[in-house]
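Peer 1: The file below is entry-v8.csv, CSV, N, CA and C atoms:
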chain,number,residue,atom,x,y,z
A,1,MET,N,-5.9,4.1,-4.7
A,1,MET,CA,-4.9,4.4,-3.7
A,1,MET,C,-5.4,4.0,-2.3
A,2,ILE,N,-4.6,3.3,-1.6
A,2,ILE,CA,-4.9,3.0,-0.2
A,2,ILE,C,-4.4,4.0,0.7
A,3,LYS,N,-5.3,4.5,1.6
A,3,LYS,CA,-4.9,5.4,2.6
A,3,LYS,C,-5.1,4.8,4.0
A,4,ILE,N,-4.2,5.0,4.8
A,4,ILE,CA,-4.3,4.4,6.2
A,4,ILE,C,-4.3,5.6,7.2
A,5,ASP,N,-5.3,5.6,8.0
A,5,ASP,CA,-5.3,6.6,9.1
A,5,ASP,C,-4.7,6.0,10.3
A,6,PHE,N,-3.5,6.4,10.6
A,6,PHE,CA,-2.7,5.9,11.8
A,6,PHE,C,-2.6,6.9,12.9
A,7,THR,N,-3.5,7.9,12.9
A,7,THR,CA,-3.4,9.0,13.8
A,7,THR,C,-3.4,8.5,15.3
A,8,ASN,N,-4.3,7.5,15.6
A,8,ASN,CA,-4.4,7.1,17.0
A,8,ASN,C,-3.4,6.1,17.4
A,9,VAL,N,-2.3,5.9,16.6
A,9,VAL,CA,-1.2,5.0,17.1
A,9,VAL,C,0.1,5.9,17.2
A,10,MET,N,-0.1,7.2,16.9
A,10,MET,CA,1.1,8.0,17.0
A,10,MET,C,1.5,8.4,18.4
A,11,SER,N,2.8,8.6,18.6
A,11,SER,CA,3.3,8.9,19.9
A,11,SER,C,2.8,10.2,20.5
A,12,ASP,N,2.5,11.2,19.6
A,12,ASP,CA,1.9,12.4,20.2
A,12,ASP,C,0.5,12.3,20.6
A,13,VAL,N,-0.2,11.2,20.3
A,13,VAL,CA,-1.5,11.0,20.7
A,13,VAL,C,-1.6,10.1,21.9
A,14,ILE,N,-0.8,9.0,21.9
A,14,ILE,CA,-0.9,8.0,23.0
A,14,ILE,C,0.4,7.9,23.8
A,15,GLY,N,1.4,8.7,23.5
A,15,GLY,CA,2.6,8.7,24.3
A,15,GLY,C,3.7,7.9,23.6
A,16,GLU,N,4.9,8.3,24.0
A,16,GLU,CA,6.1,7.7,23.3
A,16,GLU,C,6.3,6.3,23.7
A,17,LYS,N,5.9,5.8,24.8
A,17,LYS,CA,6.1,4.4,25.3
A,17,LYS,C,5.4,3.4,24.3
A,18,HIS,N,4.2,3.7,23.9
A,18,HIS,CA,3.5,2.8,23.0
A,18,HIS,C,3.2,3.3,21.6
A,19,GLY,N,3.4,4.6,21.4
A,19,GLY,CA,3.1,5.2,20.1
A,19,GLY,C,4.2,5.1,19.1
A,20,ILE,N,3.9,5.3,17.9
A,20,ILE,CA,4.9,5.3,16.8
A,20,ILE,C,5.3,6.8,16.6
A,21,LEU,N,6.6,7.0,16.5
A,21,LEU,CA,7.2,8.3,16.1
A,21,LEU,C,7.0,8.5,14.6
A,22,PHE,N,6.8,9.8,14.3
A,22,PHE,CA,6.7,10.1,12.9
A,22,PHE,C,8.0,9.8,12.1
A,23,GLU,N,9.1,9.9,12.8
A,23,GLU,CA,10.4,9.6,12.2
A,23,GLU,C,10.5,8.1,11.8
A,24,GLU,N,9.9,7.3,12.6
A,24,GLU,CA,9.9,5.8,12.3
A,24,GLU,C,9.2,5.6,11.0
A,25,ILE,N,8.1,6.3,10.8
A,25,ILE,CA,7.3,6.1,9.5
A,25,ILE,C,8.1,6.6,8.4
A,26,GLU,N,8.7,7.8,8.6
A,26,GLU,CA,9.5,8.4,7.5
A,26,GLU,C,10.7,7.5,7.1
A,27,ALA,N,11.2,6.8,8.1
A,27,ALA,CA,12.4,5.9,7.8
A,27,ALA,C,12.0,4.8,6.8
A,28,TYR,N,10.8,4.4,6.7
A,28,TYR,CA,10.3,3.4,5.8
A,28,TYR,C,9.8,3.9,4.4
A,29,LYS,N,9.8,5.2,4.3
A,29,LYS,CA,9.2,5.8,3.1
A,29,LYS,C,9.8,5.3,1.8
A,30,GLU,N,11.1,5.3,1.7
A,30,GLU,CA,11.8,4.9,0.5
A,30,GLU,C,11.7,3.4,0.2
A,31,ILE,N,11.7,2.6,1.3
A,31,ILE,CA,11.5,1.2,1.1
A,31,ILE,C,10.1,0.9,0.6
A,32,VAL,N,9.1,1.6,1.1
A,32,VAL,CA,7.7,1.4,0.6
A,32,VAL,C,7.6,1.8,-0.9
A,33,LYS,N,8.3,2.8,-1.2
A,33,LYS,CA,8.2,3.3,-2.6
A,33,LYS,C,8.9,2.2,-3.5
A,34,GLU,N,10.0,1.6,-3.1
A,34,GLU,CA,10.7,0.6,-3.9
A,34,GLU,C,9.8,-0.7,-4.0
A,35,VAL,N,9.2,-1.1,-2.9
A,35,VAL,CA,8.3,-2.3,-3.0
A,35,VAL,C,7.1,-2.0,-3.9
A,36,HIS,N,6.6,-0.8,-3.8
A,36,HIS,CA,5.4,-0.5,-4.7
A,36,HIS,C,5.8,-0.5,-6.1
A,37,GLU,N,7.0,0.0,-6.5
A,37,GLU,CA,7.5,-0.1,-7.9
A,37,GLU,C,7.7,-1.5,-8.3
A,38,LYS,N,8.2,-2.4,-7.5
A,38,LYS,CA,8.4,-3.8,-7.8
A,38,LYS,C,7.1,-4.5,-8.1
A,39,ILE,N,6.1,-4.2,-7.2
A,39,ILE,CA,4.8,-4.8,-7.4
A,39,ILE,C,4.2,-4.3,-8.8
A,40,LYS,N,4.3,-3.0,-9.1
A,40,LYS,CA,3.8,-2.6,-10.4
A,40,LYS,C,4.5,-3.2,-11.5
A,41,GLU,N,5.8,-3.5,-11.4
A,41,GLU,CA,6.6,-4.1,-12.5
A,41,GLU,C,6.1,-5.6,-12.7
A,42,GLU,N,5.8,-6.2,-11.6
A,42,GLU,CA,5.4,-7.7,-11.6
A,42,GLU,C,4.0,-7.9,-11.9
A,43,ARG,N,3.2,-6.8,-11.9
A,43,ARG,CA,1.7,-7.0,-12.0
A,43,ARG,C,1.4,-7.9,-13.2
A,44,ASP,N,2.0,-7.6,-14.3
A,44,ASP,CA,1.6,-8.4,-15.5
A,44,ASP,C,2.2,-9.8,-15.6
A,45,ASN,N,3.3,-10.0,-14.8
A,45,ASN,CA,4.0,-11.3,-14.8
A,45,ASN,C,3.5,-12.3,-13.8
A,46,SER,N,3.3,-11.8,-12.6
A,46,SER,CA,3.1,-12.8,-11.5
A,46,SER,C,1.9,-12.5,-10.6
A,47,PHE,N,1.6,-11.2,-10.4
A,47,PHE,CA,0.5,-10.9,-9.5
A,47,PHE,C,-0.8,-10.7,-10.2
A,48,TYR,N,-1.3,-11.8,-10.7
A,48,TYR,CA,-2.5,-11.7,-11.5
A,48,TYR,C,-3.7,-11.1,-10.7
A,49,PHE,N,-3.7,-11.3,-9.4
A,49,PHE,CA,-4.9,-10.7,-8.7
A,49,PHE,C,-4.9,-9.2,-8.7
A,50,THR,N,-3.8,-8.5,-9.1
A,50,THR,CA,-3.8,-7.1,-9.2
A,50,THR,C,-4.5,-6.6,-10.4
A,51,LYS,N,-4.7,-7.5,-11.3
A,51,LYS,CA,-5.5,-7.2,-12.6
A,51,LYS,C,-7.0,-7.2,-12.4
A,52,LEU,N,-7.4,-7.8,-11.3
A,52,LEU,CA,-8.9,-8.0,-11.2
A,52,LEU,C,-9.7,-6.7,-11.2
A,53,PRO,N,-9.3,-5.6,-10.6
A,53,PRO,CA,-10.1,-4.4,-10.7
A,53,PRO,C,-10.2,-3.8,-12.1
A,54,TYR,N,-9.3,-4.2,-13.0
A,54,TYR,CA,-9.3,-3.7,-14.3
A,54,TYR,C,-10.0,-4.6,-15.4
A,55,GLN,N,-10.5,-5.7,-14.9
A,55,GLN,CA,-11.1,-6.6,-15.9
A,55,GLN,C,-12.5,-6.2,-16.2
A,56,HIS,N,-12.9,-6.5,-17.4
A,56,HIS,CA,-14.3,-6.2,-17.8
A,56,HIS,C,-15.2,-7.3,-17.3
A,57,THR,N,-16.3,-6.9,-16.7
A,57,THR,CA,-17.2,-7.9,-16.0
A,57,THR,C,-18.6,-8.0,-16.6
A,58,GLU,N,-18.8,-7.4,-17.8
A,58,GLU,CA,-20.1,-7.4,-18.4
A,58,GLU,C,-20.7,-8.8,-18.6
A,59,GLU,N,-19.8,-9.7,-19.1
A,59,GLU,CA,-20.3,-11.1,-19.3
A,59,GLU,C,-20.6,-11.8,-18.0
A,60,ILE,N,-19.8,-11.5,-17.0
A,60,ILE,CA,-20.1,-12.2,-15.7
A,60,ILE,C,-21.4,-11.7,-15.1
A,61,LYS,N,-21.7,-10.4,-15.2
A,61,LYS,CA,-22.9,-9.8,-14.7
A,61,LYS,C,-24.1,-10.3,-15.4
A,62,LYS,N,-24.0,-10.6,-16.7
A,62,LYS,CA,-25.2,-11.2,-17.4
A,62,LYS,C,-25.5,-12.5,-16.9
Represent the structure of the file as structure tokens.
Peer 2:
Amino acid sequence: MIKIDFTNVMSDVIGEKHGILFEEIEAYKEIVKEVHEKIKEERDNSFYFTKLPYQHTEEIKK
């Protein structure tokens, strides 16, 4: 899982003029979930690079 620490870009830390409001992040929550599901569905069909962490590497290491 990828975690992003965006604390120092939030409006309550650096001000509303340049910072991001929590509500703005929440507005993208469902879109991000949909995109993530599409990526998972396409993993086996198109996005071959997403398989790399799951490949066996014993032969390569030898």
Peer 1: I'd like the interatomic distance between atom N of Glu24 in chain A and atom N of Asp12 in chain A, to a tenth of an Å.
Peer 2: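 Rounded to one decimal, the two atoms are 10.9 Å apart.
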Peer 1: Find the distance between atom C of Ser11 in chain A and CA of Glu26 in chain A and write it in Å to one decimal.
Peer 2: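 Between atom C of Ser11 in chain A and CA of Glu26 in chain A the gap works out to 14.7 Å.
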Peer 1: So the first atom is CA of His18 in chain A and the second is CA of Lys33 in chain A; what is the distance between them in Å, to one decimal place?
Peer 2: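 Separation between CA of His18 in chain A and CA of Lys33 in chain A: 26.0 Å.
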Peer 1: Determine which residues of chain A DSSP labels as helix (DSSP H, G or I) from the backbone of this structure, then write them out as an MDAnalysis selection string.
Peer 2: chainID A and resid 7:9 11:14 22:27 29:42 48:54 58:61
Peer 1: Of the candidates A:Glu41, A:Tyr28, A:Glu58, A:Phe22, which one gets nearest to Met10 in chain A if we count only N, CA and C atoms?
Peer 2: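 Of A:Glu41, A:Tyr28, A:Glu58, A:Phe22, the one nearest Met10 in chain A, counting only N, CA and C atoms, is A:Phe22.
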